[in-house]
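Below: the structure, in structure tokens.
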Amino acid sequence: MLSEMRKVTRGWLGGGLLLLIAGSFAVFGINSNQIQAIGAADQLARGRGVTVNERDLQKEFDQDLERAQQQNPQLTRAIALEQGRPRQLLQQMINERSIDALAKRLGLTTSDGEIARTVRGQQEFKNPISGAFDSELYARLLAENRLTTAEYETRLRTDLTRAQIASAAVAGAMAPNAFAKVFFDLQTEQRIVTVVEINPSLVKPPLPPNPEQLQAFYKENAARFIDPERRSLTLVFARTSDFLAKVSVDEAKIGELFEFRKPSLTSPEKRSYVQISAKTKEAAQEAARRLAAGESADAAAAAVGGQALTVTDVTREQAPDAAVAEAAFQRGIGETTAAIQGKLAWASARITGITPGVSPSLEAMRESLRTELAKEEAESLVSSAVQAFEEARNGGESLEIAAQQNGLFITKVEKIAADGRSFDGAEPLVKENALLKTAFATAEGEFTDFDTVEGGYALARVDAVHPSAPIPLEQIRAQLVLAWQAKQVSDAMTALAAKLQADVAAGKDFAKAASAIGAPIVAKSQPVTRSQLAQGPAAGLGNAIFAGLEGVVVQAALGQGQALALAQIESIIKQDPSAAPELLAQAKQAANQQLLQDSLYALQTEAARAADVKINETLFSAGFAAEAGETEPEAKP
């Protein structure tokens, strides 16, 4: 819904330009552009009129990840960190806030009147029946997205002000015809290619390396075989689950909690009915007769000169007329009351619905209340145990004795990396990422403070720091042998590809040269365009096909060490622009959009340069880059 709300500015500049603005100044969701004075210690980036705090980026990253996971459930936080998404979002926020700072220096803003006109003109906030702006719908949609009207309108003002700057920067920009011709060629040019594949089956499987070869390979690739810093830790856990067995819940407390909760869980009976108000008792009696006969409320009201009112799902106290409610709550569904003297007029009513009242029972809720009370008591015991543990340790007791005396769980882990994994790369021995992060920033022999973990609290003592060091050859001999053999296969395939290219350069037919080395042809004289490069047998060759000259052979790897694809560019076919006016018009539009994009990028760059923003790399690494250790470990060669 939020992404739809943000379409509000699209009427300002026209669809094409706004798509560019969305690409250049896009805000993923609706983020806060108000600078919070949290203090310099929390500032990731700072410049002239620009501040980005760690809290800002963390919130933006979490929201961005949540949206991305809706499209790709396999995407994890660790993968997003490894892909450098926080850095991209930080730069985006710097660019956005640099534009905001520029607007402030230029004195640009958006008036309250324009905000009101824009909101009222937004389709999402219009009543689907009347087509008019619906203030209740407006407030409800914002509330569903955890926004107040003030917050939304403040952010809308920022977006519209940005659009003003962008509009001024690109006003009247049009690409020259020569530029459009380039785009036309990019869209329509075809190349006829023949593609062959060189895969591992074409080369002889290598024998295992001899000791000298393996030693040399190990030395040549020493940088690949470095074990990261590891730490041996003693962990102390204070978890609610460990104390539940010590709790005995008093039945009287269960009863007390039930009585306390009962009013909020009790729901009174509700009724729905149609009511006809009339001027006289006789008219009300006639209306009651007609309702009982099955006549509609509107027809009955019209017949007696009265007024029909629909009352839906109300309690006795909520009913608009207490006298009518008293009678209505004594009838069943479909029954009709007699004429009733209401507070303003005579009336009669027909019951259309009954929602029974709900009254919870102690027996039905006993176990859930017991669990709740037990958890609360266990949490209290945990707090007391943590306090007693700290007092014992401050009094000179060892960590182990203090933990044992107070019922805390203690465990030791040896030589784990920052991601909690041991050398074999199995499931992490420790999964509390925040605790690990703190432990790896704590000196040897020192303790961390208790940190919140799932189900309770935990601290770590750093027993030993094992610096990063080369992994001994014997420890990874098996992996080294496989890696060496994989390199031999890759080198052999590369040699075959080089021979094929050399033969073609010497005048040999491409297909015959491929056949001579056993490489199968996967596509023969096939036409491809740039838009087709991601599919079919030419996939993987990328732009190499369109970067080469007619007659040349280009190549690309299909996966790490899997295969090589080679293609000969047999001919290049370019279309006449005059023969495809629609495509030419599309190319002109694309050229104009590119020119606008470049203009907007220049605006961003100049705004960021003027803001002179500096990034606190130490704080950024501590908050984001350091967490990249959560990624799945690469298989050791």
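A note on labels: chains of the structure tokens are A, B, ... as shown, every chain counts residues from 1, and ligands are counted from 1 in their shown order.
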Hey, what's within 9 Å of region 458-468 of chain A if we count only C-alpha atoms and toss same-chain stuff fewer than 6 positions away? As an MDAnalysis selection string, please? chainID A and resid 226:239 399 414:415 432 435:436 438:440 442:452
What does the file look like for those residues with C-alpha atoms, as a PDB file, in the first residue's frame?
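Written out: again_39.pdb:
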ATOM      1  CA  ILE A 226      43.678 -18.388   5.809  1.00  0.00           C
ATOM      2  CA  ASP A 227      41.702 -19.343   8.887  1.00  0.00           C
ATOM      3  CA  PRO A 228      39.988 -16.268  10.406  1.00  0.00           C
ATOM      4  CA  GLU A 229      40.516 -15.141  13.962  1.00  0.00           C
ATOM      5  CA  ARG A 230      38.913 -17.557  16.391  1.00  0.00           C
ATOM      6  CA  ARG A 231      38.039 -17.329  20.046  1.00  0.00           C
ATOM      7  CA  SER A 232      37.520 -19.766  22.876  1.00  0.00           C
ATOM      8  CA  LEU A 233      34.647 -18.619  25.073  1.00  0.00           C
ATOM      9  CA  THR A 234      32.910 -19.537  28.291  1.00  0.00           C
ATOM     10  CA  LEU A 235      29.221 -18.705  28.000  1.00  0.00           C
ATOM     11  CA  VAL A 236      26.784 -18.202  30.863  1.00  0.00           C
ATOM     12  CA  PHE A 237      23.062 -18.384  30.086  1.00  0.00           C
ATOM     13  CA  ALA A 238      20.208 -17.198  32.279  1.00  0.00           C
ATOM     14  CA  ARG A 239      17.112 -18.426  30.454  1.00  0.00           C
ATOM     15  CA  LEU A 399      32.539 -17.323  36.941  1.00  0.00           C
ATOM     16  CA  GLU A 414      36.576 -23.735  21.572  1.00  0.00           C
ATOM     17  CA  LYS A 415      38.014 -21.870  18.620  1.00  0.00           C
ATOM     18  CA  GLU A 432      23.536 -15.379  19.472  1.00  0.00           C
ATOM     19  CA  LEU A 435      26.661 -11.701  21.925  1.00  0.00           C
ATOM     20  CA  LEU A 436      29.281 -12.972  19.472  1.00  0.00           C
ATOM     21  CA  THR A 438      30.467  -8.151  21.555  1.00  0.00           C
ATOM     22  CA  ALA A 439      32.679 -11.118  22.477  1.00  0.00           C
ATOM     23  CA  PHE A 440      34.859 -10.578  19.411  1.00  0.00           C
ATOM     24  CA  THR A 442      36.330  -7.905  24.034  1.00  0.00           C
ATOM     25  CA  ALA A 443      39.927  -8.434  25.143  1.00  0.00           C
ATOM     26  CA  GLU A 444      41.242 -11.830  26.185  1.00  0.00           C
ATOM     27  CA  GLY A 445      40.422 -12.624  29.803  1.00  0.00           C
ATOM     28  CA  GLU A 446      37.626 -10.032  29.944  1.00  0.00           C
ATOM     29  CA  PHE A 447      33.854 -10.492  30.259  1.00  0.00           C
ATOM     30  CA  THR A 448      31.005  -9.074  28.245  1.00  0.00           C
ATOM     31  CA  ASP A 449      27.941  -7.713  30.009  1.00  0.00           C
ATOM     32  CA  PHE A 450      24.780  -9.767  30.029  1.00  0.00           C
ATOM     33  CA  ASP A 451      23.076  -9.345  26.669  1.00  0.00           C
ATOM     34  CA  THR A 452      19.523 -10.236  25.685  1.00  0.00           C
TER      35      THR A 452
END
Considering only C-alpha atoms, return as a PyMOL selection string whatever protein or nucleic-acid residues lie within 10 Å of Gln501 (chain A), sequence-local ones (same chain, fewer than 5 positions apart) excluded. chain A and resi 495-496+506+508+510+513-514+552-555+566-568
Separation of CA of Ala328 (chain A) and CA of Gly353 (chain A), in Å?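 Distance reported for this atom pair: 10.5 Å.
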Among region 73-131 of chain A, which residues carry a DSSP assignment of alpha helix (DSSP H), reported as a PyMOL selection string? chain A and resi 77-82+85-106+112-121
Region 297-313 of chain A surroundings by only C-alpha atoms, 8 Å radius, close-in-sequence under 4 positions cut, as a PyMOL selection string: chain A and resi 270-279+283-284+286-287+290-291+319+353-355
So that each row is one residue of region 99-118 of chain A with an atom at most 12 Å from region 142-150 of chain A, can you give its shortest atom pair and the distance in Å to one decimal, using only C-alpha atoms, rows by chain and rising number, as JSON lines?
{"residue": "A:Asp112", "atom": "CA", "partner": "A:Ala150", "partner_atom": "CA", "distance": 11.5}
{"residue": "A:Ile115", "atom": "CA", "partner": "A:Ala150", "partner_atom": "CA", "distance": 11.1}
{"residue": "A:Ala116", "atom": "CA", "partner": "A:Thr149", "partner_atom": "CA", "distance": 11.2}
Mind dumping the selected residues with N, CA and C atoms as a short mmCIF file (atom, residue, chain, number, x, y, z; two decimals), in the first residue's frame?
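New file again.cif:
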data_model
loop_
_atom_site.label_atom_id
_atom_site.label_comp_id
_atom_site.auth_asym_id
_atom_site.auth_seq_id
_atom_site.Cartn_x
_atom_site.Cartn_y
_atom_site.Cartn_z
N ASP A 112 1.17 24.23 2.32
CA ASP A 112 0.13 23.41 2.92
C ASP A 112 -1.02 23.19 1.95
N ILE A 115 -0.11 20.46 -0.45
CA ILE A 115 -0.19 19.17 0.23
C ILE A 115 -1.64 18.71 0.29
N ALA A 116 -2.52 19.62 0.69
CA ALA A 116 -3.94 19.28 0.80
C ALA A 116 -4.52 18.87 -0.56
#
Residue nearest Ala245 (chain A) among A:Glu82, A:Asp576, A:Glu96, A:Glu377 (counting only C-alpha atoms):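 That would be A:Glu377, the residue with the smallest distance to Ala245 (chain A).
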Residue contacts of Lys524 (chain A) (8 Å, only C-alpha atoms) excluding same-chain residues fewer than 6 positions away, as a PyMOL selection string: chain A and resi 193-195
Take the residues from that selection and write them out as a PDB file, in the first residue's frame, keeping C-alpha atoms.
ATOM      1  CA  VAL A 193      26.049 -16.556 -34.115  1.00  0.00           C
ATOM      2  CA  THR A 194      27.098 -20.169 -33.926  1.00  0.00           C
ATOM      3  CA  VAL A 195      27.735 -21.329 -30.373  1.00  0.00           C
TER       4      VAL A 195
END
Distance query Asp100 (chain A) at most 10 Å, only C-alpha atoms, self and fewer than 4 positions along chain excluded, as a list in words: Asn33, Gly49, Val50, Ile94, Asn95, Glu96, Lys104, Arg105, Leu106, Leu108, Thr109, Thr158, Asp159, Thr161, Arg162, Ile165 and Ala607 of chain A
Can you pull out the residues contacting Ser135 (chain A)? Cut-off 9 Å, using only C-alpha atoms, and skip same-chain residues under 5 positions away; I want them as a PDB file with N, CA, C and O atoms, in the first residue's frame.
ATOM      1  N   ARG A 120      -5.958  15.132  -1.411  1.00  0.00           N
ATOM      2  CA  ARG A 120      -7.354  14.989  -1.822  1.00  0.00           C
ATOM      3  C   ARG A 120      -7.490  14.443  -3.238  1.00  0.00           C
ATOM      4  O   ARG A 120      -8.514  13.853  -3.580  1.00  0.00           O
ATOM      5  N   PHE A 125      -7.335   7.501  -1.576  1.00  0.00           N
ATOM      6  CA  PHE A 125      -8.043   8.099  -0.458  1.00  0.00           C
ATOM      7  C   PHE A 125      -9.458   8.555  -0.834  1.00  0.00           C
ATOM      8  O   PHE A 125     -10.092   9.287  -0.078  1.00  0.00           O
ATOM      9  N   LYS A 126      -9.947   8.130  -1.999  1.00  0.00           N
ATOM     10  CA  LYS A 126     -11.284   8.519  -2.432  1.00  0.00           C
ATOM     11  C   LYS A 126     -12.283   7.407  -2.145  1.00  0.00           C
ATOM     12  O   LYS A 126     -11.974   6.226  -2.283  1.00  0.00           O
ATOM     13  N   ARG A 140      -7.597   5.805   8.114  1.00  0.00           N
ATOM     14  CA  ARG A 140      -7.516   4.366   8.334  1.00  0.00           C
ATOM     15  C   ARG A 140      -6.355   3.730   7.562  1.00  0.00           C
ATOM     16  O   ARG A 140      -5.604   2.908   8.103  1.00  0.00           O
TER      17      ARG A 140
END
Given the choices A:Ile99, A:Ala385, A:Val182, A:Val119, which gets closest to Gln604 (chain A) if the distance is worked out from only C-alpha atoms?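 Of all the options, A:Ile99 lies closest to Gln604 (chain A).
We find CA of Phe409 (chain A) and CA of Ser248 (chain A) to be spaced 20.8 Å apart.
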Closest of A:Ser571, A:Gln597, A:Asn592, A:Gln405 to Arg393 (chain A) - atom-to-atom distances counting only C-alpha atoms: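 Smallest separation from Arg393 (chain A) among the options: A:Gln405.
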Interatomic distance between CA of Glu54 (chain A) and CA of Ala163 (chain A)?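 Those two atoms sit 26.7 Å apart.
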